[in-house]
$ cat coords-v1.txt   # compact mmCIF, C-alpha atoms
# COMPACT_ATOMS: atom_id res chain seq x y z
CA MET A 1 100.47 101.28 155.91
CA SER A 2 100.37 100.36 152.24
CA LYS A 3 103.50 99.03 150.61
CA LYS A 4 104.94 101.03 147.73
CA PRO A 5 105.07 99.02 144.50
CA PRO A 6 108.64 98.09 143.52
CA GLN A 7 110.16 100.69 141.26
CA ALA A 8 111.36 99.67 137.81
CA ASP A 9 115.13 99.56 137.48
CA PRO A 10 115.67 101.49 134.25
CA PHE A 11 119.44 101.14 133.89
CA ARG A 12 122.30 99.34 135.57
CA ILE A 13 125.69 98.10 134.37
CA ALA A 14 126.66 94.82 136.01
CA GLU A 15 130.45 94.66 135.76
CA THR A 16 131.92 91.17 135.52
CA GLY A 17 135.47 92.03 134.48
CA THR A 18 138.09 94.74 134.62
CA ILE A 19 137.16 98.10 133.16
CA PRO A 20 140.25 99.99 131.97
CA LYS A 21 141.13 103.36 133.48
CA LYS A 22 140.41 106.45 131.36
CA PRO A 23 138.97 104.36 128.51
CA VAL A 24 137.58 105.39 125.17
CA VAL A 25 133.96 104.22 125.36
CA ILE A 26 132.58 103.13 121.98
CA SER A 27 128.85 102.54 121.49
CA GLY A 28 127.52 100.29 118.75
CA LEU A 29 123.79 100.41 119.25
CA PRO A 30 121.41 99.23 116.54
CA ASP A 31 120.02 102.04 114.41
CA VAL A 32 120.11 103.11 110.74
CA GLY A 33 121.64 100.31 108.63
CA LEU A 34 122.87 98.61 111.84
CA VAL A 35 126.11 100.48 111.12
CA GLY A 36 127.17 100.84 114.75
CA LEU A 37 126.31 97.29 115.74
CA LEU A 38 128.12 95.74 112.76
CA ALA A 39 131.19 97.95 113.19
CA ALA A 40 131.41 97.41 116.95
CA SER A 41 130.92 93.65 116.58
CA GLU A 42 133.79 93.55 114.12
CA MET A 43 135.94 95.52 116.57
CA ILE A 44 135.16 93.08 119.35
CA SER A 45 136.15 90.04 117.31
CA SER A 46 139.09 91.64 115.52
CA LEU A 47 140.66 93.07 118.69
CA LYS A 48 139.61 90.01 120.74
CA LEU A 49 137.99 92.14 123.42
CA ASN A 50 136.86 90.47 126.64
CA GLU A 51 133.31 90.58 127.92
CA VAL A 52 133.41 92.67 131.08
CA GLY A 53 129.80 93.52 131.83
CA ALA A 54 126.17 93.67 130.89
CA ILE A 55 123.49 96.31 130.88
CA GLU A 56 120.44 95.33 132.90
CA SER A 57 117.15 97.15 132.62
CA ASP A 58 113.53 96.46 133.35
CA LEU A 59 112.81 98.37 130.16
CA LEU A 60 114.57 95.78 127.99
CA PRO A 61 112.45 93.00 126.47
CA PRO A 62 112.27 89.97 128.79
CA MET A 63 114.92 88.00 126.94
CA ILE A 64 118.41 86.60 127.07
CA VAL A 65 120.72 85.67 124.26
CA LEU A 66 122.67 82.39 124.28
CA HIS A 67 126.30 82.39 123.20
CA ALA A 68 128.28 79.14 123.42
CA GLY A 69 125.39 77.84 125.52
CA VAL A 70 125.72 80.59 128.11
CA PRO A 71 122.75 82.91 128.78
CA LYS A 72 123.66 86.58 128.47
CA SER A 73 122.09 89.99 128.44
CA PRO A 74 121.58 91.21 124.86
CA VAL A 75 123.30 94.49 125.81
CA ARG A 76 126.89 93.86 126.81
CA VAL A 77 130.17 95.58 127.54
CA PHE A 78 133.53 94.47 126.13
CA ALA A 79 136.98 95.86 126.85
CA ASP A 80 140.72 95.57 126.53
CA LYS A 81 143.35 97.73 128.24
CA SER A 82 142.14 101.03 126.81
CA LEU A 83 138.87 100.50 124.96
CA VAL A 84 135.35 99.79 126.12
CA VAL A 85 132.85 98.71 123.48
CA ILE A 86 129.11 98.49 124.16
CA ILE A 87 126.80 96.61 121.82
CA SER A 88 123.17 95.61 121.83
CA GLU A 89 121.84 92.49 120.16
CA THR A 90 118.28 93.70 120.54
CA ALA A 91 116.58 96.84 119.30
CA ILE A 92 116.59 99.43 122.08
CA PRO A 93 112.98 100.15 123.10
CA VAL A 94 112.14 103.84 122.96
CA PRO A 95 111.34 104.14 126.72
CA LEU A 96 114.89 102.94 127.45
CA LEU A 97 116.64 105.51 125.24
CA ARG A 98 116.82 108.31 127.83
CA PRO A 99 117.82 106.17 130.84
CA LEU A 100 120.35 104.37 128.64
CA ALA A 101 121.89 107.60 127.33
CA ASN A 102 122.07 109.22 130.76
CA GLY A 103 123.23 106.02 132.45
CA LEU A 104 126.00 105.35 129.94
CA VAL A 105 127.37 108.89 130.20
CA ASP A 106 127.22 108.84 134.03
CA TRP A 107 128.98 105.46 134.08
CA ALA A 108 131.64 106.67 131.59
CA LEU A 109 132.23 109.73 133.78
CA ARG A 110 132.72 107.52 136.85
CA LYS A 111 135.25 105.46 134.89
CA GLY A 112 137.14 108.61 133.93
CA ALA A 113 136.49 108.06 130.21
CA GLU A 114 138.59 110.30 128.03
CA LEU A 115 136.25 110.05 125.02
CA MET A 116 132.78 108.75 124.14
CA LEU A 117 132.68 107.57 120.53
CA SER A 118 129.27 106.58 119.15
CA LEU A 119 128.83 104.78 115.83
CA GLY A 120 125.63 105.14 113.85
CA GLY A 121 124.18 105.48 110.38
CA MET A 122 122.86 108.42 108.39
CA ALA A 123 120.15 107.38 105.97
CA VAL A 124 120.62 108.54 102.39
CA ALA A 125 118.08 108.02 99.63
CA ASN A 126 120.64 107.26 96.91
CA ARG A 127 122.75 104.83 98.93
CA GLN A 128 122.86 102.39 96.01
CA ASP A 129 124.75 104.93 93.94
CA ILE A 130 127.39 105.64 96.59
CA ASP A 131 130.62 103.62 96.30
CA ALA A 132 132.34 104.98 99.39
CA PRO A 133 129.92 106.12 102.11
CA LYS A 134 130.93 109.41 103.73
CA VAL A 135 131.31 109.68 107.47
CA PHE A 136 130.02 112.72 109.33
CA ALA A 137 130.86 113.68 112.89
CA ALA A 138 128.83 115.53 115.50
CA LEU A 139 130.99 116.80 118.36
CA SER A 140 130.23 117.62 121.97
CA GLU A 141 132.50 120.64 121.48
CA MET A 142 134.13 122.05 118.37
CA ALA A 143 137.57 121.86 120.00
CA LEU A 144 137.49 118.13 119.26
CA GLU A 145 137.79 118.70 115.52
CA PRO A 146 141.57 117.97 115.36
CA ARG A 147 140.89 114.51 116.81
CA LEU A 148 139.02 113.64 113.62
CA LYS A 149 142.29 113.92 111.65
CA GLY A 150 140.25 114.81 108.59
CA ALA A 151 138.60 111.37 108.54
CA ALA A 152 135.07 112.72 108.95
CA GLU A 153 133.19 115.82 107.92
CA ILE A 154 131.74 117.86 110.75
CA LEU A 155 127.97 117.93 111.00
CA GLU A 156 127.08 121.49 111.92
CA GLU A 157 123.30 121.62 111.47
CA GLY A 158 120.57 119.02 111.76
CA TYR A 159 118.79 116.67 114.13
CA ILE A 160 120.06 113.47 115.73
CA VAL A 161 117.19 111.33 116.97
CA GLY A 162 117.74 108.53 119.48
CA ALA A 163 120.25 107.54 122.14
CA TYR A 164 123.25 109.08 120.39
CA GLY A 165 121.69 112.53 120.25
CA LEU A 166 120.82 112.39 123.94
CA MET A 167 124.29 111.11 124.85
CA LEU A 168 125.99 113.85 122.88
CA ARG A 169 123.98 116.57 124.61
CA LYS A 170 124.59 115.09 128.05
CA CYS A 171 128.33 114.82 127.30
CA THR A 172 128.36 118.52 126.42
CA GLU A 173 126.61 119.31 129.73
CA VAL A 174 129.11 117.35 131.81
CA SER A 175 132.17 118.28 129.71
CA LEU A 176 132.92 114.72 128.65
CA PRO A 177 134.48 114.77 125.15
CA ALA A 178 132.21 112.95 122.71
CA ILE A 179 132.15 112.26 119.00
CA THR A 180 129.16 110.74 117.20
CA LEU A 181 130.12 109.27 113.84
CA LEU A 182 127.25 108.97 111.37
CA THR A 183 128.00 107.07 108.17
CA GLN A 184 125.88 107.25 105.03
CA ALA A 185 123.85 104.05 104.95
CA TYR A 186 120.66 102.34 103.87
CA TYR A 187 117.91 103.29 106.30
CA ASN A 188 116.45 99.85 106.87
CA TYR A 189 118.90 97.40 105.31
CA PRO A 190 121.96 96.12 107.16
CA ASP A 191 124.91 97.94 105.61
CA PRO A 192 128.29 96.22 106.17
CA VAL A 193 129.98 98.51 103.63
CA ALA A 194 128.93 101.55 105.68
CA ALA A 195 130.11 99.75 108.82
CA ALA A 196 133.51 99.23 107.19
CA ALA A 197 133.68 102.95 106.33
CA ALA A 198 132.82 103.80 109.94
CA LEU A 199 135.53 101.45 111.22
CA ASN A 200 138.14 102.95 108.89
CA THR A 201 137.34 106.32 110.45
CA VAL A 202 137.61 104.88 113.97
CA ASN A 203 140.95 103.36 112.99
CA LYS A 204 142.22 106.78 111.98
CA ILE A 205 140.85 108.66 115.00
CA LEU A 206 142.12 106.14 117.56
CA ASP A 207 145.21 104.88 115.71
CA LEU A 208 143.81 101.36 115.61
CA ASN A 209 144.17 98.72 112.95
CA VAL A 210 140.87 96.90 112.94
CA ASP A 211 140.64 94.74 109.82
CA VAL A 212 137.49 95.62 107.84
CA SER A 213 137.98 93.05 105.08
CA GLY A 214 135.69 90.53 106.81
CA LEU A 215 132.80 92.99 106.74
CA LEU A 216 133.26 93.43 103.00
CA ARG A 217 134.01 89.81 102.13
CA ARG A 218 131.09 88.42 104.16
CA GLY A 219 128.74 91.25 103.22
CA GLU A 220 125.91 89.10 101.86
CA GLU A 221 126.00 86.71 104.80
CA ILE A 222 126.01 89.62 107.26
CA ARG A 223 123.06 91.25 105.51
CA LEU A 224 121.01 88.08 105.66
CA ARG A 225 121.99 87.19 109.24
CA SER A 226 121.08 90.71 110.36
CA LYS A 227 117.76 90.82 108.51
CA ASP A 228 115.54 90.08 111.51
CA MET A 229 117.50 92.43 113.79
CA MET A 230 117.12 95.17 111.19
CA HIS A 231 113.39 94.52 111.02
CA ARG A 232 113.02 94.88 114.82
CA THR A 233 115.22 97.96 114.82
CA GLN A 234 113.18 99.54 112.05
CA GLU A 235 110.08 99.28 114.23
CA GLU A 236 111.84 101.19 117.05
CA LEU A 237 113.23 103.76 114.59
CA ALA A 238 109.67 104.47 113.48
CA ARG A 239 108.50 104.78 117.11
CA MET A 240 111.24 107.32 117.92
CA ASN A 241 110.39 109.28 114.76
CA LYS A 242 113.87 108.80 113.32
CA ALA A 243 112.68 110.34 110.06
CA HIS A 244 112.86 113.67 111.91
CA GLU A 245 116.56 113.63 110.99
CA TYR A 246 115.56 114.40 107.39
CA ASP A 247 114.01 117.70 108.51
CA LEU A 248 115.74 121.03 108.20
CA PRO A 249 116.20 122.92 111.46
CA PRO A 250 114.04 126.06 111.22
CA LEU A 251 116.34 128.48 113.05
CA TYR A 252 119.38 130.16 111.60
CA GLY A 253 122.34 131.74 113.33
CA MET B 1 115.41 90.51 85.35
CA SER B 2 111.87 90.11 84.09
CA VAL B 3 109.07 92.54 84.69
CA GLU B 4 105.44 91.70 84.01
CA SER B 5 102.45 93.87 84.60
CA LYS B 6 99.70 91.45 83.60
CA LYS B 7 97.33 90.33 86.28
CA VAL B 8 98.13 86.80 87.41
CA SER B 9 96.75 84.44 89.93
CA ARG B 10 98.03 84.75 93.48
CA ASP B 11 99.57 81.30 93.50
CA GLU B 12 101.50 81.41 90.27
CA TYR B 13 104.79 81.60 92.20
CA GLY B 14 103.56 79.29 94.90
CA GLY B 15 103.07 82.49 96.79
CA GLN B 16 101.45 83.35 100.07
CA PRO B 17 98.34 85.40 100.72
CA GLU B 18 99.26 88.96 101.64
CA THR B 19 98.12 88.58 105.20
CA SER B 20 100.83 86.01 105.91
CA ALA B 21 103.58 87.80 104.02
CA MET B 22 105.87 88.04 107.07
CA HIS B 23 105.38 84.36 108.12
CA GLY B 24 105.94 85.51 111.65
CA SER B 25 109.72 85.53 111.29
CA GLY B 26 110.21 86.04 107.57
CA TRP B 27 111.70 82.55 107.07
CA ASN B 28 109.19 80.28 105.36
CA VAL B 29 110.73 76.82 105.67
CA ALA B 30 107.82 75.06 103.97
CA ALA B 31 108.20 77.16 100.82
CA ALA B 32 112.02 77.44 101.15
CA CYS B 33 111.45 81.17 100.79
CA ILE B 34 112.77 84.19 102.66
CA GLU B 35 110.70 87.33 103.11
CA PRO B 36 113.09 90.13 102.14
CA LEU B 37 113.39 93.50 103.82
CA TYR B 38 111.72 96.14 101.70
CA ASN B 39 110.78 99.78 101.80
CA VAL B 40 107.96 101.64 100.06
CA LEU B 41 108.34 105.38 99.53
CA VAL B 42 105.42 107.33 98.08
CA ALA B 43 106.70 110.42 96.25
CA ALA B 44 104.73 113.08 94.38
CA THR B 45 104.84 111.41 91.00
CA GLU B 46 105.93 107.85 91.67
CA VAL B 47 106.21 105.08 94.18
CA LEU B 48 109.77 103.97 94.89
CA LEU B 49 110.10 100.45 96.17
CA THR B 50 113.44 99.00 97.26
CA ILE B 51 114.11 95.40 98.26
CA ASP B 52 117.26 94.00 99.87
CA LEU B 53 118.28 90.78 98.12
CA PRO B 54 121.61 89.35 99.28
CA TYR B 55 122.74 86.21 97.40
CA VAL B 56 120.71 87.21 94.34
CA THR B 57 121.84 88.06 90.82
CA GLU B 58 119.90 90.43 88.59
CA LYS B 59 118.84 87.78 86.08
CA SER B 60 116.97 85.75 88.69
CA VAL B 61 114.70 88.62 89.76
CA LYS B 62 111.08 88.41 88.64
CA LEU B 63 108.67 91.23 89.25
CA ARG B 64 104.99 91.41 88.48
CA CYS B 65 101.90 93.35 89.39
CA PRO B 66 99.04 90.92 90.00
CA ALA B 67 96.83 93.91 90.80
CA ASN B 68 97.29 97.64 90.49
CA ASP B 69 98.01 97.97 94.19
CA VAL B 70 100.33 94.98 94.65
CA VAL B 71 103.86 94.28 93.49
CA GLU B 72 105.10 90.73 93.72
CA ILE B 73 108.79 89.94 93.80
CA TYR B 74 110.34 86.53 93.38
CA ALA B 75 114.06 85.83 93.14
CA GLU B 76 116.04 82.64 93.34
CA THR B 77 119.17 82.79 95.45
CA SER B 78 122.51 82.08 93.79
CA ARG B 79 123.01 79.19 96.20
CA LYS B 80 121.10 77.20 98.74
CA ILE B 81 121.13 78.90 102.14
CA THR B 82 120.62 76.96 105.36
CA PHE B 83 120.11 78.13 108.92
CA LYS B 84 123.40 76.38 109.66
CA ASP B 85 125.17 78.62 107.11
CA LEU B 86 123.90 81.56 109.16
CA GLY B 87 125.21 80.14 112.43
CA VAL B 88 121.88 78.80 113.69
CA LYS B 89 122.03 75.17 114.81
CA HIS B 90 118.70 74.68 116.57
CA ARG B 91 116.53 75.42 113.56
CA HIS B 92 116.44 73.42 110.38
CA GLY B 93 115.55 74.59 106.94
CA GLU B 94 117.02 75.56 103.63
CA PHE B 95 116.13 78.45 101.41
CA THR B 96 116.40 78.89 97.68
CA CYS B 97 114.36 82.00 97.00
CA TYR B 98 112.93 85.31 98.16
CA HIS B 99 109.28 86.10 97.81
CA ALA B 100 107.11 89.02 98.85
CA ARG B 101 103.79 90.53 97.91
CA ILE B 102 104.01 94.21 98.67
CA ARG B 103 100.95 96.40 99.01
CA ILE B 104 101.27 99.78 97.26
CA PRO B 105 99.26 102.38 99.20
CA VAL B 106 98.31 104.63 96.24
CA PRO B 107 97.03 103.87 92.71
CA VAL B 108 99.91 103.28 90.28
CA ASP B 109 100.38 102.68 86.57
CA GLU B 110 101.71 99.15 86.72
CA ALA B 111 102.25 99.05 82.94
CA ARG B 112 105.06 101.62 83.33
CA ILE B 113 106.97 99.86 86.07
CA ASN B 114 110.76 99.93 85.71
CA SER B 115 113.56 98.74 87.88
CA LYS B 116 117.29 98.48 88.38
CA PHE B 117 119.39 96.12 90.44
CA LYS B 118 122.59 97.33 92.05
CA ARG B 119 124.71 96.09 94.95
CA GLY B 120 122.12 93.45 95.77
CA VAL B 121 119.31 95.96 96.17
CA LEU B 122 116.39 96.07 93.74
CA GLU B 123 114.97 99.53 93.08
CA VAL B 124 111.53 99.68 91.48
CA HIS B 125 109.95 102.86 90.14
CA ILE B 126 106.20 102.89 89.48
CA PRO B 127 104.50 106.09 88.23
CA ARG B 128 101.48 107.16 90.26
CA LEU B 129 98.15 107.42 88.48
CA LYS B 130 96.92 111.00 88.25
$ encode --input "coords-v1.txt" --output "structure tokens"
Amino acid sequence: MSKKPPQADPFRIAETGTIPKKPVVISGLPDVGLVGLLAASEMISSLKLNEVGAIESDLLPPMIVLHAGVPKSPVRVFADKSLVVIISETAIPVPLLRPLANGLVDWALRKGAELMLSLGGMAVANRQDIDAPKVFAALSEMALEPRLKGAAEILEEGYIVGAYGLMLRKCTEVSLPAITLLTQAYYNYPDPVAAAAALNTVNKILDLNVDVSGLLRRGEEIRLRSKDMMHRTQEELARMNKAHEYDLPPLYG
Amino acid sequence: MSVESKKVSRDEYGGQPETSAMHGSGWNVAAACIEPLYNVLVAATEVLLTIDLPYVTEKSVKLRCPANDVVEIYAETSRKITFKDLGVKHRHGEFTCYHARIRIPVPVDEARINSKFKRGVLEVHIPRLK
């Protein structure tokens, strides 16, 4: 009898610490302008969140990232008593997007999450001319609008390409409340100002007080430090046809 | 910011041949130069090129077109930048400039190039040739 080849393990969260009950799960995955990653990283350091897990996948590049000399997965989970924040320090390969989106929502459901909050960027051509980037919100159900507290404008029509779009749809299917915040940003340049705008909106929605001044003060350093990450991310954005988000949906109601 | 459209030799800025523009990682220690992130958008009447240049002031930006399908950007940084400044201890090198040779995919009128610099991003407009 021939042996079956080992199956690839597309998604697994290895928990190493305490996950809070009924958490708000915030995703800061790298995409347009690295808005989500920069904002979530600032949250982690500002709120002094603890590392509580890592995402393992055979679809991730064969790599680790060293922090304080300790080897870690580039996709990690942080938490305090009510928040869970997920970040990735590597561009998410396109084949991983669907398992990641489904796996994260399934995991959040098992943890009894009360809200999935995803942070991303919305590319705008005239970003240089925008002083205060606007934040848009796509909701898993319109009943969530009051939770925005007027801090974001609802996105009613359009495409969302990538993990966040898939997560939002899955959350709708399983009735897990979800908000995807998309902040006006440079498409392929790290945008700490947009990340600060996103964080201000998160502060309002969740009644937090994350300090965004570091993102603004260290803007040039952050842009340069994130240059290579942005370059890798841009390659994946092209592979997933992110530019589709510029298209107008053909159907009307 | 200076803009030149005359044809110049490839090495006038101590530059790299186009094929090695990314230097693998974009950090050319030997030349103390960083390859910036850039974007080329071909529109109906013009080519819009943007380049991200943190730690650069407008007056240090030099642009030229050594050929009618290449734009070359050179900019000195406002201060010396080291890997250590960026939190990297296992690599050594310091950087004082950005440099890139950017291939333009359609014919353009390089004599009518114009640009603006705002929030650390250089925006270059070059009319397409009809």
$ residues_around --input "coords-v1.txt" --residues "segment 164-176 of chain A" --least-positions-apart "3" --cutoff "6 Å" --atoms "all atoms listed in the file" --output "JSON, numbers by chain"
{"A": [101, 140, 160, 161]}
$ residues_near_point --input "coords-v1.txt" --point "(111.8, 96.0, 86.4)" --cutoff "12 Å" --atoms "all atoms listed in the file" --output "number ranges by chain"
B: 1-5, 48-50, 58-65, 71-74, 110-117, 122-126
$ write_last_selection --input "coords-v1.txt" --atoms "C-alpha atoms" --output "PDB file, in the frame of the given file"
ATOM      1  CA  MET B   1     115.410  90.510  85.350  1.00  0.00           C
ATOM      2  CA  SER B   2     111.870  90.110  84.090  1.00  0.00           C
ATOM      3  CA  VAL B   3     109.070  92.540  84.690  1.00  0.00           C
ATOM      4  CA  GLU B   4     105.440  91.700  84.010  1.00  0.00           C
ATOM      5  CA  SER B   5     102.450  93.870  84.600  1.00  0.00           C
ATOM      6  CA  LEU B  48     109.770 103.970  94.890  1.00  0.00           C
ATOM      7  CA  LEU B  49     110.100 100.450  96.170  1.00  0.00           C
ATOM      8  CA  THR B  50     113.440  99.000  97.260  1.00  0.00           C
ATOM      9  CA  GLU B  58     119.900  90.430  88.590  1.00  0.00           C
ATOM     10  CA  LYS B  59     118.840  87.780  86.080  1.00  0.00           C
ATOM     11  CA  SER B  60     116.970  85.750  88.690  1.00  0.00           C
ATOM     12  CA  VAL B  61     114.700  88.620  89.760  1.00  0.00           C
ATOM     13  CA  LYS B  62     111.080  88.410  88.640  1.00  0.00           C
ATOM     14  CA  LEU B  63     108.670  91.230  89.250  1.00  0.00           C
ATOM     15  CA  ARG B  64     104.990  91.410  88.480  1.00  0.00           C
ATOM     16  CA  CYS B  65     101.900  93.350  89.390  1.00  0.00           C
ATOM     17  CA  VAL B  71     103.860  94.280  93.490  1.00  0.00           C
ATOM     18  CA  GLU B  72     105.100  90.730  93.720  1.00  0.00           C
ATOM     19  CA  ILE B  73     108.790  89.940  93.800  1.00  0.00           C
ATOM     20  CA  TYR B  74     110.340  86.530  93.380  1.00  0.00           C
ATOM     21  CA  GLU B 110     101.710  99.150  86.720  1.00  0.00           C
ATOM     22  CA  ALA B 111     102.250  99.050  82.940  1.00  0.00           C
ATOM     23  CA  ARG B 112     105.060 101.620  83.330  1.00  0.00           C
ATOM     24  CA  ILE B 113     106.970  99.860  86.070  1.00  0.00           C
ATOM     25  CA  ASN B 114     110.760  99.930  85.710  1.00  0.00           C
ATOM     26  CA  SER B 115     113.560  98.740  87.880  1.00  0.00           C
ATOM     27  CA  LYS B 116     117.290  98.480  88.380  1.00  0.00           C
ATOM     28  CA  PHE B 117     119.390  96.120  90.440  1.00  0.00           C
ATOM     29  CA  LEU B 122     116.390  96.070  93.740  1.00  0.00           C
ATOM     30  CA  GLU B 123     114.970  99.530  93.080  1.00  0.00           C
ATOM     31  CA  VAL B 124     111.530  99.680  91.480  1.00  0.00           C
ATOM     32  CA  HIS B 125     109.950 102.860  90.140  1.00  0.00           C
ATOM     33  CA  ILE B 126     106.200 102.890  89.480  1.00  0.00           C
TER      34      ILE B 126
END
$ interface_residues --input "coords-v1.txt" --of "chain A" --to "chain B" --cutoff "7 Å" --atoms "only C-alpha atoms" --output "list in words"
Gln128, Tyr189, Glu220, Arg223, Leu224, Arg225 and Lys227 of chain A
$ atom_distance --input "coords-v1.txt" --atom1 "atom CA of Leu66 of chain A" --atom2 "atom CA of Ser27 of chain A"
21.3 Å
$ closest_residue --input "coords-v1.txt" --among "B:Pro66, B:Cys33, B:Val40, B:Arg128" --to "Val106 of chain B" --atoms "all atoms listed in the file"
B:Arg128
$ atom_distance --input "coords-v1.txt" --atom1 "atom CA of Lys204 of chain A" --atom2 "atom CA of Asp191 of chain A"
20.5 Å
$ residues_around --input "coords-v1.txt" --residues "Arg239 of chain A" --least-positions-apart "6" --cutoff "10 Å" --atoms "all atoms listed in the file" --output "PyMOL selection string"
chain A and resi 93-94+233
$ write_last_selection --input "coords-v1.txt" --atoms "C-alpha atoms" --output "PDB file, keeping the file's coordinate frame"
ATOM      1  CA  PRO A  93     112.980 100.150 123.100  1.00  0.00           C
ATOM      2  CA  VAL A  94     112.140 103.840 122.960  1.00  0.00           C
ATOM      3  CA  THR A 233     115.220  97.960 114.820  1.00  0.00           C
TER       4      THR A 233
END
$ closest_residue --input "coords-v1.txt" --among "B:Cys97, B:Ala31, B:His92, B:Asn68" --to "Lys80 of chain B" --atoms "all atoms listed in the file"
B:Cys97
$ closest_residue --input "coords-v1.txt" --among "A:Ala243, A:Ala132, A:Ala163, A:Ala123" --to "Ala196 of chain A" --atoms "all atoms listed in the file"
A:Ala132
$ closest_residue --input "coords-v1.txt" --among "B:Val42, B:Ala100, B:Ala75, B:Ala67" --to "Asn28 of chain B" --atoms "all atoms listed in the file"
B:Ala100
$ residues_near_point --input "coords-v1.txt" --point "(117.5, 126.1, 111.0)" --cutoff "12 Å" --atoms "all atoms listed in the file" --output "NGL selection string"
:A and (156-159 or 247-253)
$ write_last_selection --input "coords-v1.txt" --atoms "C-alpha atoms" --output "mmCIF file, keeping the file's coordinate frame"
data_model
loop_
_atom_site.group_PDB
_atom_site.id
_atom_site.type_symbol
_atom_site.label_atom_id
_atom_site.label_comp_id
_atom_site.auth_asym_id
_atom_site.auth_seq_id
_atom_site.Cartn_x
_atom_site.Cartn_y
_atom_site.Cartn_z
ATOM 1 C CA GLU A 156 127.080 121.490 111.920
ATOM 2 C CA GLU A 157 123.300 121.620 111.470
ATOM 3 C CA GLY A 158 120.570 119.020 111.760
ATOM 4 C CA TYR A 159 118.790 116.670 114.130
ATOM 5 C CA ASP A 247 114.010 117.700 108.510
ATOM 6 C CA LEU A 248 115.740 121.030 108.200
ATOM 7 C CA PRO A 249 116.200 122.920 111.460
ATOM 8 C CA PRO A 250 114.040 126.060 111.220
ATOM 9 C CA LEU A 251 116.340 128.480 113.050
ATOM 10 C CA TYR A 252 119.380 130.160 111.600
ATOM 11 C CA GLY A 253 122.340 131.740 113.330
#
$ residues_around --input "coords-v1.txt" --residues "Ser82 of chain A" --least-positions-apart "5" --cutoff "7 Å" --atoms "all atoms listed in the file" --output "list of chain:residue names"
A:Pro20, A:Pro23, A:Val24
$ residues_around --input "coords-v1.txt" --residues "Ala151 of chain A" --least-positions-apart "5" --cutoff "9 Å" --atoms "only C-alpha atoms" --output "PDB file with C-alpha atoms, in the frame of the given file"
ATOM      1  CA  VAL A 135     131.310 109.680 107.470  1.00  0.00           C
ATOM      2  CA  PHE A 136     130.020 112.720 109.330  1.00  0.00           C
ATOM      3  CA  ASN A 200     138.140 102.950 108.890  1.00  0.00           C
ATOM      4  CA  THR A 201     137.340 106.320 110.450  1.00  0.00           C
ATOM      5  CA  VAL A 202     137.610 104.880 113.970  1.00  0.00           C
ATOM      6  CA  LYS A 204     142.220 106.780 111.980  1.00  0.00           C
ATOM      7  CA  ILE A 205     140.850 108.660 115.000  1.00  0.00           C
TER       8      ILE A 205
END
$ closest_residue --input "coords-v1.txt" --among "A:Ile179, A:Leu104, A:Ile19, A:Ala39" --to "Leu199 of chain A" --atoms "all atoms listed in the file"
A:Ala39
$ atom_distance --input "coords-v1.txt" --atom1 "atom CA of Leu117 of chain A" --atom2 "atom CA of Leu181 of chain A"
7.4 Å
$ closest_residue --input "coords-v1.txt" --among "B:Ala43, B:Thr57, B:Phe95, B:Arg103" --to "Thr82 of chain B" --atoms "all atoms listed in the file"
B:Phe95
$ residues_around --input "coords-v1.txt" --residues "Pro95 of chain A" --least-positions-apart "3" --cutoff "8 Å" --atoms "all atoms listed in the file" --output "count of residues only"
3
$ decode --input "coords-v1.txt" --residues "segment 32-60 of chain B" --atoms "C-alpha atoms" --output "compact mmCIF listing (two decimals), in the first residue's frame"
# COMPACT_ATOMS: atom_id res chain seq x y z
CA ALA B 32 26.49 54.75 0.51
CA CYS B 33 23.27 54.94 -1.49
CA ILE B 34 19.74 53.74 -0.85
CA GLU B 35 17.46 52.62 -3.65
CA PRO B 36 14.19 54.44 -2.95
CA LEU B 37 10.71 53.05 -3.38
CA TYR B 38 9.15 54.45 -6.52
CA ASN B 39 6.07 54.08 -8.64
CA VAL B 40 5.57 54.69 -12.36
CA LEU B 41 2.05 55.39 -13.60
CA VAL B 42 1.44 55.70 -17.34
CA ALA B 43 -1.58 57.92 -17.99
CA ALA B 44 -3.10 58.98 -21.31
CA THR B 45 -1.07 62.14 -21.73
CA GLU B 46 1.76 61.85 -19.24
CA VAL B 47 3.86 59.58 -17.12
CA LEU B 48 3.57 60.20 -13.39
CA LEU B 49 6.53 59.07 -11.37
CA THR B 50 6.58 59.26 -7.58
CA ILE B 51 9.54 58.52 -5.32
CA ASP B 52 9.53 58.15 -1.54
CA LEU B 53 12.44 60.10 -0.04
CA PRO B 54 12.46 60.22 3.76
CA TYR B 55 15.27 62.33 5.27
CA VAL B 56 15.50 64.45 2.12
CA THR B 57 14.85 68.15 1.60
CA GLU B 58 13.65 69.55 -1.70
CA LYS B 59 16.85 71.45 -2.47
CA SER B 60 18.98 68.30 -2.46
